[in-house]
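S.K.: To be precise about what I am sending: the file is called data_14.pdb and holds PDB, C-alpha atoms.
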MODEL        1
ATOM      1  CA  GLN P   1      34.759 -25.613   8.791  1.00  0.00           C
ATOM      2  CA  PRO P   2      33.278 -22.074   8.624  1.00  0.00           C
ATOM      3  CA  PRO P   3      32.299 -20.369   5.357  1.00  0.00           C
ATOM      4  CA  GLY P   4      35.389 -18.942   3.731  1.00  0.00           C
ATOM      5  CA  ALA P   5      37.661 -21.843   4.624  1.00  0.00           C
ATOM      6  CA  SER P   6      38.988 -23.825   1.681  1.00  0.00           C
ATOM      7  CA  SER P   7      37.179 -27.125   1.093  1.00  0.00           C
ATOM      8  CA  GLY P   8      39.255 -28.385  -1.849  1.00  0.00           C
ATOM      9  CA  VAL P   9      36.438 -27.892  -4.380  1.00  0.00           C
ATOM     10  CA  THR P  10      35.351 -24.773  -6.252  1.00  0.00           C
ATOM     11  CA  GLY P  11      32.131 -23.023  -5.211  1.00  0.00           C
ATOM     12  CA  ALA P  12      31.560 -24.652  -1.832  1.00  0.00           C
ATOM     13  CA  ASP P  13      32.691 -21.746   0.348  1.00  0.00           C
ATOM     14  CA  TYR P  14      30.369 -18.747   0.464  1.00  0.00           C
ATOM     15  CA  HIS P  15      28.151 -16.595   2.675  1.00  0.00           C
ATOM     16  CA  VAL P  16      25.516 -15.635   0.074  1.00  0.00           C
ATOM     17  CA  GLU P  17      24.535 -17.491  -3.104  1.00  0.00           C
ATOM     18  CA  LEU P  18      22.371 -15.873  -5.794  1.00  0.00           C
ATOM     19  CA  SER P  19      20.937 -17.879  -8.684  1.00  0.00           C
ATOM     20  CA  TYR P  20      18.939 -16.914 -11.742  1.00  0.00           C
ATOM     21  CA  ALA P  21      17.510 -19.346 -14.276  1.00  0.00           C
ATOM     22  CA  LEU P  22      15.195 -19.557 -17.262  1.00  0.00           C
ATOM     23  CA  TRP P  23      12.701 -22.426 -16.990  1.00  0.00           C
ATOM     24  CA  ARG P  24      10.652 -23.751 -19.910  1.00  0.00           C
ATOM     25  CA  PRO P  25       8.202 -26.321 -18.552  1.00  0.00           C
ATOM     26  CA  ASP P  26       5.502 -28.360 -20.247  1.00  0.00           C
ATOM     27  CA  PRO P  27       2.206 -27.132 -18.726  1.00  0.00           C
ATOM     28  CA  SER P  28      -0.678 -29.208 -17.437  1.00  0.00           C
ATOM     29  CA  LEU P  29      -3.189 -26.760 -15.951  1.00  0.00           C
ATOM     30  CA  ALA P  30      -6.814 -27.273 -14.934  1.00  0.00           C
ATOM     31  CA  ILE P  31      -8.999 -24.938 -12.877  1.00  0.00           C
ATOM     32  CA  SER P  32     -12.577 -24.732 -11.662  1.00  0.00           C
ATOM     33  CA  SER P  33     -14.312 -21.738 -10.051  1.00  0.00           C
ATOM     34  CA  GLU P  34     -17.748 -21.486  -8.387  1.00  0.00           C
ATOM     35  CA  SER P  35     -19.891 -18.384  -7.815  1.00  0.00           C
ATOM     36  CA  LEU P  36     -23.411 -17.802  -6.461  1.00  0.00           C
ATOM     37  CA  GLY P  37     -23.825 -21.510  -5.861  1.00  0.00           C
ATOM     38  CA  ILE P  38     -23.166 -22.349  -9.527  1.00  0.00           C
ATOM     39  CA  VAL P  39     -20.499 -25.038  -9.699  1.00  0.00           C
ATOM     40  CA  GLY P  40     -17.863 -24.372 -12.324  1.00  0.00           C
ATOM     41  CA  ASP P  41     -16.654 -26.766 -15.001  1.00  0.00           C
ATOM     42  CA  ARG P  42     -13.191 -28.249 -14.980  1.00  0.00           C
ATOM     43  CA  ILE P  43     -11.345 -26.121 -17.545  1.00  0.00           C
ATOM     44  CA  ASP P  44      -8.227 -27.442 -19.235  1.00  0.00           C
ATOM     45  CA  ALA P  45      -6.154 -24.310 -19.772  1.00  0.00           C
ATOM     46  CA  VAL P  46      -4.179 -25.859 -22.626  1.00  0.00           C
ATOM     47  CA  ALA P  47      -6.969 -27.587 -24.548  1.00  0.00           C
ATOM     48  CA  ASP P  48      -9.794 -25.136 -23.793  1.00  0.00           C
ATOM     49  CA  LEU P  49      -8.017 -21.772 -23.510  1.00  0.00           C
ATOM     50  CA  GLY P  50      -5.079 -22.250 -25.855  1.00  0.00           C
ATOM     51  CA  PHE P  51      -2.229 -21.803 -23.382  1.00  0.00           C
ATOM     52  CA  GLU P  52       1.141 -22.628 -24.920  1.00  0.00           C
ATOM     53  CA  ARG P  53       4.546 -23.555 -23.585  1.00  0.00           C
ATOM     54  CA  SER P  54       6.393 -20.490 -22.249  1.00  0.00           C
ATOM     55  CA  THR P  55       9.681 -19.544 -20.580  1.00  0.00           C
ATOM     56  CA  PHE P  56       9.755 -18.192 -17.011  1.00  0.00           C
ATOM     57  CA  GLN P  57      12.331 -16.643 -14.704  1.00  0.00           C
ATOM     58  CA  ASP P  58      13.374 -18.197 -11.413  1.00  0.00           C
ATOM     59  CA  PHE P  59      15.154 -16.286  -8.627  1.00  0.00           C
ATOM     60  CA  ARG P  60      16.752 -17.869  -5.549  1.00  0.00           C
ATOM     61  CA  VAL P  61      18.866 -16.645  -2.634  1.00  0.00           C
ATOM     62  CA  VAL P  62      20.709 -18.762  -0.066  1.00  0.00           C
ATOM     63  CA  VAL P  63      22.209 -17.093   3.007  1.00  0.00           C
ATOM     64  CA  ARG P  64      24.741 -19.274   4.833  1.00  0.00           C
ATOM     65  CA  PRO P  65      25.585 -17.974   8.314  1.00  0.00           C
ATOM     66  CA  SER P  66      27.330 -21.217   9.296  1.00  0.00           C
ATOM     67  CA  ARG P  67      28.619 -24.377   7.683  1.00  0.00           C
ATOM     68  CA  LYS P  68      25.465 -26.442   8.230  1.00  0.00           C
ATOM     69  CA  PHE P  69      22.714 -23.849   8.537  1.00  0.00           C
ATOM     70  CA  LYS P  70      21.180 -21.946   5.580  1.00  0.00           C
ATOM     71  CA  LEU P  71      18.323 -19.527   4.977  1.00  0.00           C
ATOM     72  CA  ARG P  72      16.513 -19.941   1.648  1.00  0.00           C
ATOM     73  CA  PHE P  73      14.361 -17.528  -0.371  1.00  0.00           C
ATOM     74  CA  GLY P  74      12.930 -17.844  -3.866  1.00  0.00           C
ATOM     75  CA  VAL P  75      10.213 -16.758  -6.264  1.00  0.00           C
ATOM     76  CA  THR P  76       9.008 -18.092  -9.618  1.00  0.00           C
ATOM     77  CA  PRO P  77       6.564 -15.822 -11.457  1.00  0.00           C
ATOM     78  CA  VAL P  78       4.495 -17.849 -13.935  1.00  0.00           C
ATOM     79  CA  LYS P  79       2.205 -16.217 -16.495  1.00  0.00           C
ATOM     80  CA  TYR P  80       0.221 -17.757 -19.352  1.00  0.00           C
ATOM     81  CA  GLU P  81      -1.987 -15.980 -21.871  1.00  0.00           C
ATOM     82  CA  GLY P  82      -4.466 -17.438 -24.334  1.00  0.00           C
ATOM     83  CA  ASP P  83      -6.625 -16.190 -27.198  1.00  0.00           C
ATOM     84  CA  THR P  84      -8.982 -18.755 -28.672  1.00  0.00           C
ATOM     85  CA  ILE P  85     -12.503 -19.595 -29.827  1.00  0.00           C
ATOM     86  CA  LEU P  86     -14.204 -22.079 -27.512  1.00  0.00           C
ATOM     87  CA  THR P  87     -14.856 -25.530 -28.905  1.00  0.00           C
ATOM     88  CA  ARG P  88     -17.189 -26.360 -26.004  1.00  0.00           C
ATOM     89  CA  SER P  89     -19.321 -24.447 -23.513  1.00  0.00           C
ATOM     90  CA  ILE P  90     -17.794 -23.891 -20.071  1.00  0.00           C
ATOM     91  CA  VAL P  91     -18.965 -22.421 -16.761  1.00  0.00           C
ATOM     92  CA  PHE P  92     -16.466 -20.226 -14.933  1.00  0.00           C
ATOM     93  CA  ASN P  93     -17.157 -18.178 -11.796  1.00  0.00           C
ATOM     94  CA  GLY P  94     -20.915 -18.468 -12.264  1.00  0.00           C
ATOM     95  CA  GLN P  95     -20.933 -17.415 -15.940  1.00  0.00           C
ATOM     96  CA  ARG P  96     -21.436 -19.593 -18.998  1.00  0.00           C
ATOM     97  CA  TYR P  97     -19.094 -19.127 -21.932  1.00  0.00           C
ATOM     98  CA  THR P  98     -20.811 -20.718 -24.931  1.00  0.00           C
ATOM     99  CA  ILE P  99     -19.281 -22.707 -27.768  1.00  0.00           C
ATOM    100  CA  GLY P 100     -17.888 -20.534 -30.574  1.00  0.00           C
ATOM    101  CA  LEU P 101     -17.305 -17.560 -28.267  1.00  0.00           C
ATOM    102  CA  PRO P 102     -13.930 -15.743 -28.638  1.00  0.00           C
ATOM    103  CA  VAL P 103     -12.178 -15.778 -25.253  1.00  0.00           C
ATOM    104  CA  THR P 104      -9.034 -14.033 -24.053  1.00  0.00           C
ATOM    105  CA  SER P 105      -7.578 -15.555 -20.889  1.00  0.00           C
ATOM    106  CA  GLU P 106      -4.709 -15.064 -18.484  1.00  0.00           C
ATOM    107  CA  LEU P 107      -3.263 -17.121 -15.643  1.00  0.00           C
ATOM    108  CA  GLU P 108      -0.741 -15.667 -13.196  1.00  0.00           C
ATOM    109  CA  TRP P 109       0.871 -17.957 -10.637  1.00  0.00           C
ATOM    110  CA  ARG P 110       3.383 -16.459  -8.237  1.00  0.00           C
ATOM    111  CA  SER P 111       5.077 -18.920  -5.919  1.00  0.00           C
ATOM    112  CA  TRP P 112       7.221 -17.598  -3.045  1.00  0.00           C
ATOM    113  CA  ARG P 113       9.504 -19.817  -0.957  1.00  0.00           C
ATOM    114  CA  PHE P 114      10.859 -19.033   2.504  1.00  0.00           C
ATOM    115  CA  GLY P 115      12.675 -21.654   4.510  1.00  0.00           C
ATOM    116  CA  ILE P 116      15.634 -23.038   6.397  1.00  0.00           C
ATOM    117  CA  GLU P 117      18.039 -25.838   5.583  1.00  0.00           C
ATOM    118  CA  TYR P 118      20.128 -27.859   7.997  1.00  0.00           C
ATOM    119  CA  ASP P 119      22.859 -30.097   6.577  1.00  0.00           C
ATOM    120  CA  PHE P 120      23.429 -32.792   9.178  1.00  0.00           C
ATOM    121  CA  ILE P 121      26.005 -34.362   6.838  1.00  0.00           C
ATOM    122  CA  SER P 122      28.550 -31.850   5.537  1.00  0.00           C
ATOM    123  CA  THR P 123      31.950 -32.766   4.107  1.00  0.00           C
ATOM    124  CA  SER P 124      34.465 -31.209   1.737  1.00  0.00           C
ATOM    125  CA  ARG P 125      32.906 -33.186  -1.153  1.00  0.00           C
ATOM    126  CA  GLY P 126      29.205 -32.508  -0.548  1.00  0.00           C
ATOM    127  CA  PHE P 127      26.335 -32.439   1.913  1.00  0.00           C
ATOM    128  CA  PHE P 128      22.934 -33.902   2.761  1.00  0.00           C
ATOM    129  CA  GLY P 129      20.274 -32.127   4.800  1.00  0.00           C
ATOM    130  CA  VAL P 130      16.642 -31.397   5.539  1.00  0.00           C
ATOM    131  CA  ILE P 131      14.529 -28.448   4.390  1.00  0.00           C
ATOM    132  CA  LEU P 132      11.614 -26.767   6.147  1.00  0.00           C
ATOM    133  CA  GLU P 133       9.835 -24.261   3.906  1.00  0.00           C
ATOM    134  CA  GLY P 134       6.713 -22.201   3.672  1.00  0.00           C
ATOM    135  CA  LYS P 135       5.427 -21.898   0.106  1.00  0.00           C
ATOM    136  CA  PHE P 136       2.901 -19.156  -0.582  1.00  0.00           C
ATOM    137  CA  THR P 137       1.007 -19.389  -3.851  1.00  0.00           C
ATOM    138  CA  ASP P 138      -0.978 -16.493  -5.325  1.00  0.00           C
ATOM    139  CA  LEU P 139      -3.038 -17.684  -8.313  1.00  0.00           C
ATOM    140  CA  ASN P 140      -5.188 -15.393 -10.449  1.00  0.00           C
ATOM    141  CA  VAL P 141      -7.210 -16.508 -13.502  1.00  0.00           C
ATOM    142  CA  GLU P 142      -9.138 -14.183 -15.843  1.00  0.00           C
ATOM    143  CA  LEU P 143     -11.492 -15.009 -18.721  1.00  0.00           C
ATOM    144  CA  LEU P 144     -12.654 -12.197 -21.011  1.00  0.00           C
ATOM    145  CA  ALA P 145     -15.295 -12.506 -23.717  1.00  0.00           C
ATOM    146  CA  PRO P 146     -17.800 -10.115 -25.337  1.00  0.00           C
ATOM    147  CA  LEU P 147     -20.067  -8.856 -22.497  1.00  0.00           C
ATOM    148  CA  ILE P 148     -18.421 -11.259 -19.984  1.00  0.00           C
ATOM    149  CA  ALA P 149     -15.427 -10.564 -17.748  1.00  0.00           C
ATOM    150  CA  GLU P 150     -14.752 -12.854 -14.797  1.00  0.00           C
ATOM    151  CA  PHE P 151     -11.767 -13.659 -12.621  1.00  0.00           C
ATOM    152  CA  ALA P 152     -10.941 -16.007  -9.746  1.00  0.00           C
ATOM    153  CA  ARG P 153      -8.141 -15.627  -7.221  1.00  0.00           C
ATOM    154  CA  VAL P 154      -6.809 -18.190  -4.766  1.00  0.00           C
ATOM    155  CA  ARG P 155      -4.089 -17.728  -2.164  1.00  0.00           C
ATOM    156  CA  VAL P 156      -2.782 -20.977  -0.721  1.00  0.00           C
ATOM    157  CA  PRO P 157      -0.065 -21.065   1.987  1.00  0.00           C
ATOM    158  CA  VAL P 158       1.431 -24.552   2.294  1.00  0.00           C
ATOM    159  CA  PRO P 159       4.221 -25.559   4.716  1.00  0.00           C
ATOM    160  CA  THR P 160       6.536 -28.198   3.252  1.00  0.00           C
ATOM    161  CA  ILE P 161       9.322 -30.490   4.371  1.00  0.00           C
ATOM    162  CA  GLY P 162      11.971 -32.177   2.280  1.00  0.00           C
ATOM    163  CA  ALA P 163      15.557 -33.181   1.685  1.00  0.00           C
ATOM    164  CA  ILE P 164      18.516 -31.903  -0.317  1.00  0.00           C
ATOM    165  CA  GLY P 165      21.852 -33.391  -1.298  1.00  0.00           C
ATOM    166  CA  ARG P 166      24.912 -32.372  -3.279  1.00  0.00           C
ATOM    167  CA  VAL P 167      28.062 -34.196  -4.303  1.00  0.00           C
ATOM    168  CA  TYR P 168      31.138 -32.857  -6.085  1.00  0.00           C
ATOM    169  CA  VAL P 169      32.062 -35.371  -8.788  1.00  0.00           C
ATOM    170  CA  ALA P 170      35.017 -33.180  -9.792  1.00  0.00           C
ATOM    171  CA  ARG P 171      36.682 -30.087  -8.407  1.00  0.00           C
ATOM    172  CA  ASN P 172      34.495 -27.768 -10.507  1.00  0.00           C
ATOM    173  CA  VAL P 173      31.416 -29.968 -11.031  1.00  0.00           C
ATOM    174  CA  ALA P 174      28.577 -30.579  -8.552  1.00  0.00           C
ATOM    175  CA  LEU P 175      25.413 -32.665  -8.848  1.00  0.00           C
ATOM    176  CA  SER P 176      22.442 -31.693  -6.674  1.00  0.00           C
ATOM    177  CA  ALA P 177      18.924 -32.937  -5.985  1.00  0.00           C
ATOM    178  CA  GLU P 178      16.157 -31.700  -3.699  1.00  0.00           C
ATOM    179  CA  PHE P 179      12.551 -32.580  -2.975  1.00  0.00           C
ATOM    180  CA  THR P 180       9.973 -30.745  -0.875  1.00  0.00           C
ATOM    181  CA  GLY P 181       6.263 -31.245  -0.410  1.00  0.00           C
ATOM    182  CA  LEU P 182       3.310 -31.689   1.902  1.00  0.00           C
ATOM    183  CA  LYS P 183      -0.450 -32.153   1.858  1.00  0.00           C
ATOM    184  CA  LEU P 184      -2.411 -29.793   4.098  1.00  0.00           C
ATOM    185  CA  THR P 185      -6.075 -30.153   5.103  1.00  0.00           C
ATOM    186  CA  ILE P 186      -8.020 -27.501   7.034  1.00  0.00           C
ATOM    187  CA  GLN P 187     -11.656 -28.501   7.522  1.00  0.00           C
ATOM    188  CA  ASP P 188     -12.871 -29.137   3.950  1.00  0.00           C
ATOM    189  CA  ASP P 189     -10.054 -27.208   2.217  1.00  0.00           C
ATOM    190  CA  THR P 190      -7.001 -29.084   0.965  1.00  0.00           C
ATOM    191  CA  GLY P 191      -3.737 -28.123  -0.657  1.00  0.00           C
ATOM    192  CA  THR P 192      -0.853 -30.231  -1.931  1.00  0.00           C
ATOM    193  CA  TYR P 193       2.464 -28.780  -3.051  1.00  0.00           C
ATOM    194  CA  LEU P 194       5.275 -30.937  -4.470  1.00  0.00           C
ATOM    195  CA  GLU P 195       8.543 -29.731  -5.943  1.00  0.00           C
ATOM    196  CA  PHE P 196      11.480 -31.714  -7.334  1.00  0.00           C
ATOM    197  CA  ASP P 197      14.744 -30.334  -8.687  1.00  0.00           C
ATOM    198  CA  VAL P 198      17.846 -32.109  -9.987  1.00  0.00           C
ATOM    199  CA  ASN P 199      20.727 -30.194 -11.563  1.00  0.00           C
ATOM    200  CA  ALA P 200      24.379 -30.103 -12.515  1.00  0.00           C
ATOM    201  CA  GLN P 201      26.588 -27.108 -11.780  1.00  0.00           C
ATOM    202  CA  PHE P 202      29.909 -26.061 -13.281  1.00  0.00           C
ATOM    203  CA  ASN P 203      31.903 -23.468 -11.335  1.00  0.00           C
ATOM    204  CA  PHE P 204      34.404 -21.290 -13.186  1.00  0.00           C
ATOM    205  CA  ASN P 205      35.790 -20.033  -9.883  1.00  0.00           C
ATOM    206  CA  LYS P 206      34.624 -19.603  -6.287  1.00  0.00           C
ATOM    207  CA  ASN P 207      32.311 -16.716  -7.245  1.00  0.00           C
ATOM    208  CA  LEU P 208      30.729 -17.627 -10.595  1.00  0.00           C
ATOM    209  CA  GLY P 209      29.147 -20.715 -12.123  1.00  0.00           C
ATOM    210  CA  VAL P 210      26.486 -22.023 -14.507  1.00  0.00           C
ATOM    211  CA  GLN P 211      23.856 -24.667 -13.933  1.00  0.00           C
ATOM    212  CA  GLY P 212      21.273 -26.704 -15.798  1.00  0.00           C
ATOM    213  CA  GLY P 213      18.676 -29.112 -14.575  1.00  0.00           C
ATOM    214  CA  TYR P 214      15.149 -30.468 -14.518  1.00  0.00           C
ATOM    215  CA  ARG P 215      12.411 -29.113 -12.281  1.00  0.00           C
ATOM    216  CA  ALA P 216       8.874 -30.283 -11.537  1.00  0.00           C
ATOM    217  CA  MET P 217       6.360 -28.190  -9.575  1.00  0.00           C
ATOM    218  CA  THR P 218       2.865 -29.437  -8.717  1.00  0.00           C
ATOM    219  CA  LEU P 219       0.019 -27.675  -6.908  1.00  0.00           C
ATOM    220  CA  ASP P 220      -3.380 -29.245  -6.251  1.00  0.00           C
ATOM    221  CA  TYR P 221      -5.934 -27.321  -4.211  1.00  0.00           C
ATOM    222  CA  ALA P 222      -9.614 -27.418  -3.266  1.00  0.00           C
ATOM    223  CA  VAL P 223     -10.797 -24.280  -1.474  1.00  0.00           C
ATOM    224  CA  GLU P 224     -14.556 -24.251  -0.851  1.00  0.00           C
ATOM    225  CA  LEU P 225     -15.933 -25.101  -4.335  1.00  0.00           C
ATOM    226  CA  ASP P 226     -12.900 -23.843  -6.263  1.00  0.00           C
ATOM    227  CA  SER P 227     -10.194 -26.281  -7.320  1.00  0.00           C
ATOM    228  CA  GLY P 228      -7.054 -26.438  -9.402  1.00  0.00           C
ATOM    229  CA  GLU P 229      -4.497 -28.910 -10.695  1.00  0.00           C
ATOM    230  CA  LEU P 230      -1.298 -27.232 -11.853  1.00  0.00           C
ATOM    231  CA  ASP P 231       1.657 -29.289 -12.998  1.00  0.00           C
ATOM    232  CA  LEU P 232       4.781 -27.797 -14.602  1.00  0.00           C
ATOM    233  CA  LYS P 233       7.777 -29.914 -15.631  1.00  0.00           C
ATOM    234  CA  GLY P 234      10.794 -29.043 -17.727  1.00  0.00           C
ATOM    235  CA  LEU P 235      14.441 -28.105 -18.152  1.00  0.00           C
ATOM    236  CA  TYR P 236      16.088 -24.911 -16.920  1.00  0.00           C
ATOM    237  CA  PHE P 237      19.427 -23.164 -17.391  1.00  0.00           C
ATOM    238  CA  GLY P 238      20.992 -20.301 -15.476  1.00  0.00           C
ATOM    239  CA  GLY P 239      23.876 -18.767 -13.586  1.00  0.00           C
ATOM    240  CA  VAL P 240      25.123 -18.619  -9.993  1.00  0.00           C
ATOM    241  CA  ALA P 241      26.995 -15.890  -8.133  1.00  0.00           C
ATOM    242  CA  ARG P 242      28.532 -16.318  -4.664  1.00  0.00           C
ATOM    243  CA  PHE P 243      30.055 -13.961  -2.111  1.00  0.00           C
TER
ENDMDL
END
Take the structure in the file and give it back as structure tokens.
M.R.:
Amino acid sequence: QPPGASSGVTGADYHVELSYALWRPDPSLAISSESLGIVGDRIDAVADLGFERSTFQDFRVVVRPSRKFKLRFGVTPVKYEGDTILTRSIVFNGQRYTIGLPVTSELEWRSWRFGIEYDFISTSRGFFGVILEGKFTDLNVELLAPLIAEFARVRVPVPTIGAIGRVYVARNVALSAEFTGLKLTIQDDTGTYLEFDVNAQFNFNKNLGVQGGYRAMTLDYAVELDSGELDLKGLYFGGVARF
């Protein structure tokens, strides 16, 4: 059944699918940065830097050249900002920030996704397939204080593998779930990327729909003497357009 042929459900026949969502996760963020042989402290970005829960945009594109084969692209720009007075002394990028010091901080995490999906089970009421993706993470952290300005940047490419499934419980309603992840080790550097997404979608017609779901994204890395543990989990809501 090629794209464009009627499947009996709304929203299953398309060549290109565009989705946009607003995601409001609960953050759990910890980073450590070394410089000049001075090992950094483990900094809790919420407790130490005052990062608060924020809303982020999520963009995704699915190109479907055939019934079972899909190309996937996506990006989720994450940005946190904090302004606080330190309640403990911390070492970041070789510099000590002492207790009582006012600190302005920023964390930017851009996560790009490029991959392919093959649905080895594909019927008029849903599908189940495998996903092969490359996830490229660009993480930048800055800490500013009187007479001190330091930043640390880490770029971590991680290939992942996973599975995806969708079932139409009604003509206009679909339930979907996907999971991707992998742990990569190169010499002494390690990176682990896990992502889980479950959602419900209501399609007004074959071209437009809305969706809501729960997403969890986890990145753990250790590159030389720098490390990070980033965990975001929360609900999202958005829209879908198909052509």
S.K.: Determine the residue membership of the PyMOL selection byres ((chain P and resi 196-202) around 7) for the file above and supply it as a list in words.
M.R.: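 On this input, the PyMOL selection byres ((chain P and resi 196-202) around 7) captures Asn172, Val173, Ala174, Leu175, Ser176, Ala177, Glu178, Phe179, Thr180, Leu194, Glu195, Asn203, Phe204, Gly209, Val210, Gln211, Gly212, Gly213, Tyr214, Arg215, Ala216 and Met217 of chain P.
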S.K.: Residues as selected, C-alpha atoms, written as a short mmCIF file (atom, residue, chain, number, x, y, z; two decimals), in the coordinates of the input, can you do that?
M.R.:
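As written to disk, out.cif reads:
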data_model
loop_
_atom_site.label_atom_id
_atom_site.label_comp_id
_atom_site.auth_asym_id
_atom_site.auth_seq_id
_atom_site.Cartn_x
_atom_site.Cartn_y
_atom_site.Cartn_z
CA ASN P 172 34.49 -27.77 -10.51
CA VAL P 173 31.42 -29.97 -11.03
CA ALA P 174 28.58 -30.58 -8.55
CA LEU P 175 25.41 -32.66 -8.85
CA SER P 176 22.44 -31.69 -6.67
CA ALA P 177 18.92 -32.94 -5.98
CA GLU P 178 16.16 -31.70 -3.70
CA PHE P 179 12.55 -32.58 -2.98
CA THR P 180 9.97 -30.74 -0.88
CA LEU P 194 5.28 -30.94 -4.47
CA GLU P 195 8.54 -29.73 -5.94
CA ASN P 203 31.90 -23.47 -11.34
CA PHE P 204 34.40 -21.29 -13.19
CA GLY P 209 29.15 -20.72 -12.12
CA VAL P 210 26.49 -22.02 -14.51
CA GLN P 211 23.86 -24.67 -13.93
CA GLY P 212 21.27 -26.70 -15.80
CA GLY P 213 18.68 -29.11 -14.58
CA TYR P 214 15.15 -30.47 -14.52
CA ARG P 215 12.41 -29.11 -12.28
CA ALA P 216 8.87 -30.28 -11.54
CA MET P 217 6.36 -28.19 -9.57
#
S.K.: Please indicate the distance in Å from CA of Ile116 in chain P to CA of Asp189 in chain P, rounded to one decimal place.
M.R.: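 One can read the CA of Ile116 in chain P to CA of Asp189 in chain P distance as 26.4 Å.
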S.K.: Using only the atoms of range 35-48 of chain P listed in the file, plus 6 Å on each side, state the axis-aligned box centre and edge lengths in Å rounded to one decimal, as JSON.
M.R.:
{"center_x": -14.0, "center_y": -23.0, "center_z": -15.2, "size_x": 31.6, "size_y": 22.4, "size_z": 30.7}
S.K.: Counting only C-alpha atoms, figure out which residue out of P:Val9, P:Ile85, P:Leu18, P:Ile38 gets nearest to Phe73 in chain P.
M.R.: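 The shortest atom-to-atom distance to Phe73 in chain P comes from P:Leu18.
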S.K.: Once the PyMOL selection byres ((chain P and resi 26) around 9) has been evaluated on this model, what residues remain selected, and can you format them as a list of chain:residue names?
M.R.: P:Arg24, P:Pro25, P:Pro27, P:Ser28, P:Glu52, P:Arg53, P:Ser54, P:Asp231, P:Leu232, P:Lys233, P:Gly234
S.K.: Between CA of Thr218 in chain P and CA of Thr190 in chain P, what is the spacing in Å?
M.R.: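 It comes out at 13.8 Å.
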S.K.: Kindly complete range 163-179 of chain P to N, CA and C atoms; the output should be written as a PDB file, in the frame of the given file.
M.R.:
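Result written to rebuild.pdb:
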ATOM      1  N   ALA P 163      14.145 -32.823   1.547  1.00  0.00           N
ATOM      2  CA  ALA P 163      15.557 -33.181   1.685  1.00  0.00           C
ATOM      3  C   ALA P 163      16.335 -32.627   0.501  1.00  0.00           C
ATOM      4  N   ILE P 164      17.637 -32.416   0.725  1.00  0.00           N
ATOM      5  CA  ILE P 164      18.516 -31.903  -0.317  1.00  0.00           C
ATOM      6  C   ILE P 164      19.872 -32.570  -0.186  1.00  0.00           C
ATOM      7  N   GLY P 165      20.518 -32.801  -1.315  1.00  0.00           N
ATOM      8  CA  GLY P 165      21.852 -33.391  -1.298  1.00  0.00           C
ATOM      9  C   GLY P 165      22.687 -32.867  -2.448  1.00  0.00           C
ATOM     10  N   ARG P 166      23.978 -32.802  -2.233  1.00  0.00           N
ATOM     11  CA  ARG P 166      24.912 -32.372  -3.279  1.00  0.00           C
ATOM     12  C   ARG P 166      26.205 -33.149  -3.139  1.00  0.00           C
ATOM     13  N   VAL P 167      26.776 -33.518  -4.292  1.00  0.00           N
ATOM     14  CA  VAL P 167      28.062 -34.196  -4.303  1.00  0.00           C
ATOM     15  C   VAL P 167      28.917 -33.595  -5.409  1.00  0.00           C
ATOM     16  N   TYR P 168      30.200 -33.369  -5.102  1.00  0.00           N
ATOM     17  CA  TYR P 168      31.138 -32.857  -6.085  1.00  0.00           C
ATOM     18  C   TYR P 168      31.814 -34.041  -6.765  1.00  0.00           C
ATOM     19  N   VAL P 169      31.475 -34.253  -8.040  1.00  0.00           N
ATOM     20  CA  VAL P 169      32.062 -35.371  -8.788  1.00  0.00           C
ATOM     21  C   VAL P 169      33.416 -34.982  -9.370  1.00  0.00           C
ATOM     22  N   ALA P 170      33.703 -33.697  -9.393  1.00  0.00           N
ATOM     23  CA  ALA P 170      35.017 -33.180  -9.792  1.00  0.00           C
ATOM     24  C   ALA P 170      35.216 -31.865  -9.059  1.00  0.00           C
ATOM     25  N   ARG P 171      36.397 -31.317  -9.146  1.00  0.00           N
ATOM     26  CA  ARG P 171      36.682 -30.087  -8.407  1.00  0.00           C
ATOM     27  C   ARG P 171      35.719 -28.951  -8.762  1.00  0.00           C
ATOM     28  N   ASN P 172      35.336 -28.868 -10.041  1.00  0.00           N
ATOM     29  CA  ASN P 172      34.495 -27.768 -10.507  1.00  0.00           C
ATOM     30  C   ASN P 172      33.062 -28.194 -10.836  1.00  0.00           C
ATOM     31  N   VAL P 173      32.726 -29.454 -10.605  1.00  0.00           N
ATOM     32  CA  VAL P 173      31.416 -29.968 -11.031  1.00  0.00           C
ATOM     33  C   VAL P 173      30.672 -30.560  -9.841  1.00  0.00           C
ATOM     34  N   ALA P 174      29.409 -30.089  -9.643  1.00  0.00           N
ATOM     35  CA  ALA P 174      28.577 -30.579  -8.552  1.00  0.00           C
ATOM     36  C   ALA P 174      27.237 -31.061  -9.093  1.00  0.00           C
ATOM     37  N   LEU P 175      26.746 -32.156  -8.541  1.00  0.00           N
ATOM     38  CA  LEU P 175      25.413 -32.665  -8.848  1.00  0.00           C
ATOM     39  C   LEU P 175      24.541 -32.515  -7.611  1.00  0.00           C
ATOM     40  N   SER P 176      23.323 -31.972  -7.800  1.00  0.00           N
ATOM     41  CA  SER P 176      22.442 -31.693  -6.674  1.00  0.00           C
ATOM     42  C   SER P 176      21.044 -32.213  -6.954  1.00  0.00           C
ATOM     43  N   ALA P 177      20.324 -32.538  -5.881  1.00  0.00           N
ATOM     44  CA  ALA P 177      18.924 -32.937  -5.985  1.00  0.00           C
ATOM     45  C   ALA P 177      18.203 -32.507  -4.716  1.00  0.00           C
ATOM     46  N   GLU P 178      16.960 -32.047  -4.873  1.00  0.00           N
ATOM     47  CA  GLU P 178      16.157 -31.700  -3.699  1.00  0.00           C
ATOM     48  C   GLU P 178      14.689 -31.994  -3.968  1.00  0.00           C
ATOM     49  N   PHE P 179      13.986 -32.313  -2.897  1.00  0.00           N
ATOM     50  CA  PHE P 179      12.551 -32.580  -2.975  1.00  0.00           C
ATOM     51  C   PHE P 179      11.875 -31.991  -1.748  1.00  0.00           C
TER      52      PHE P 179
END
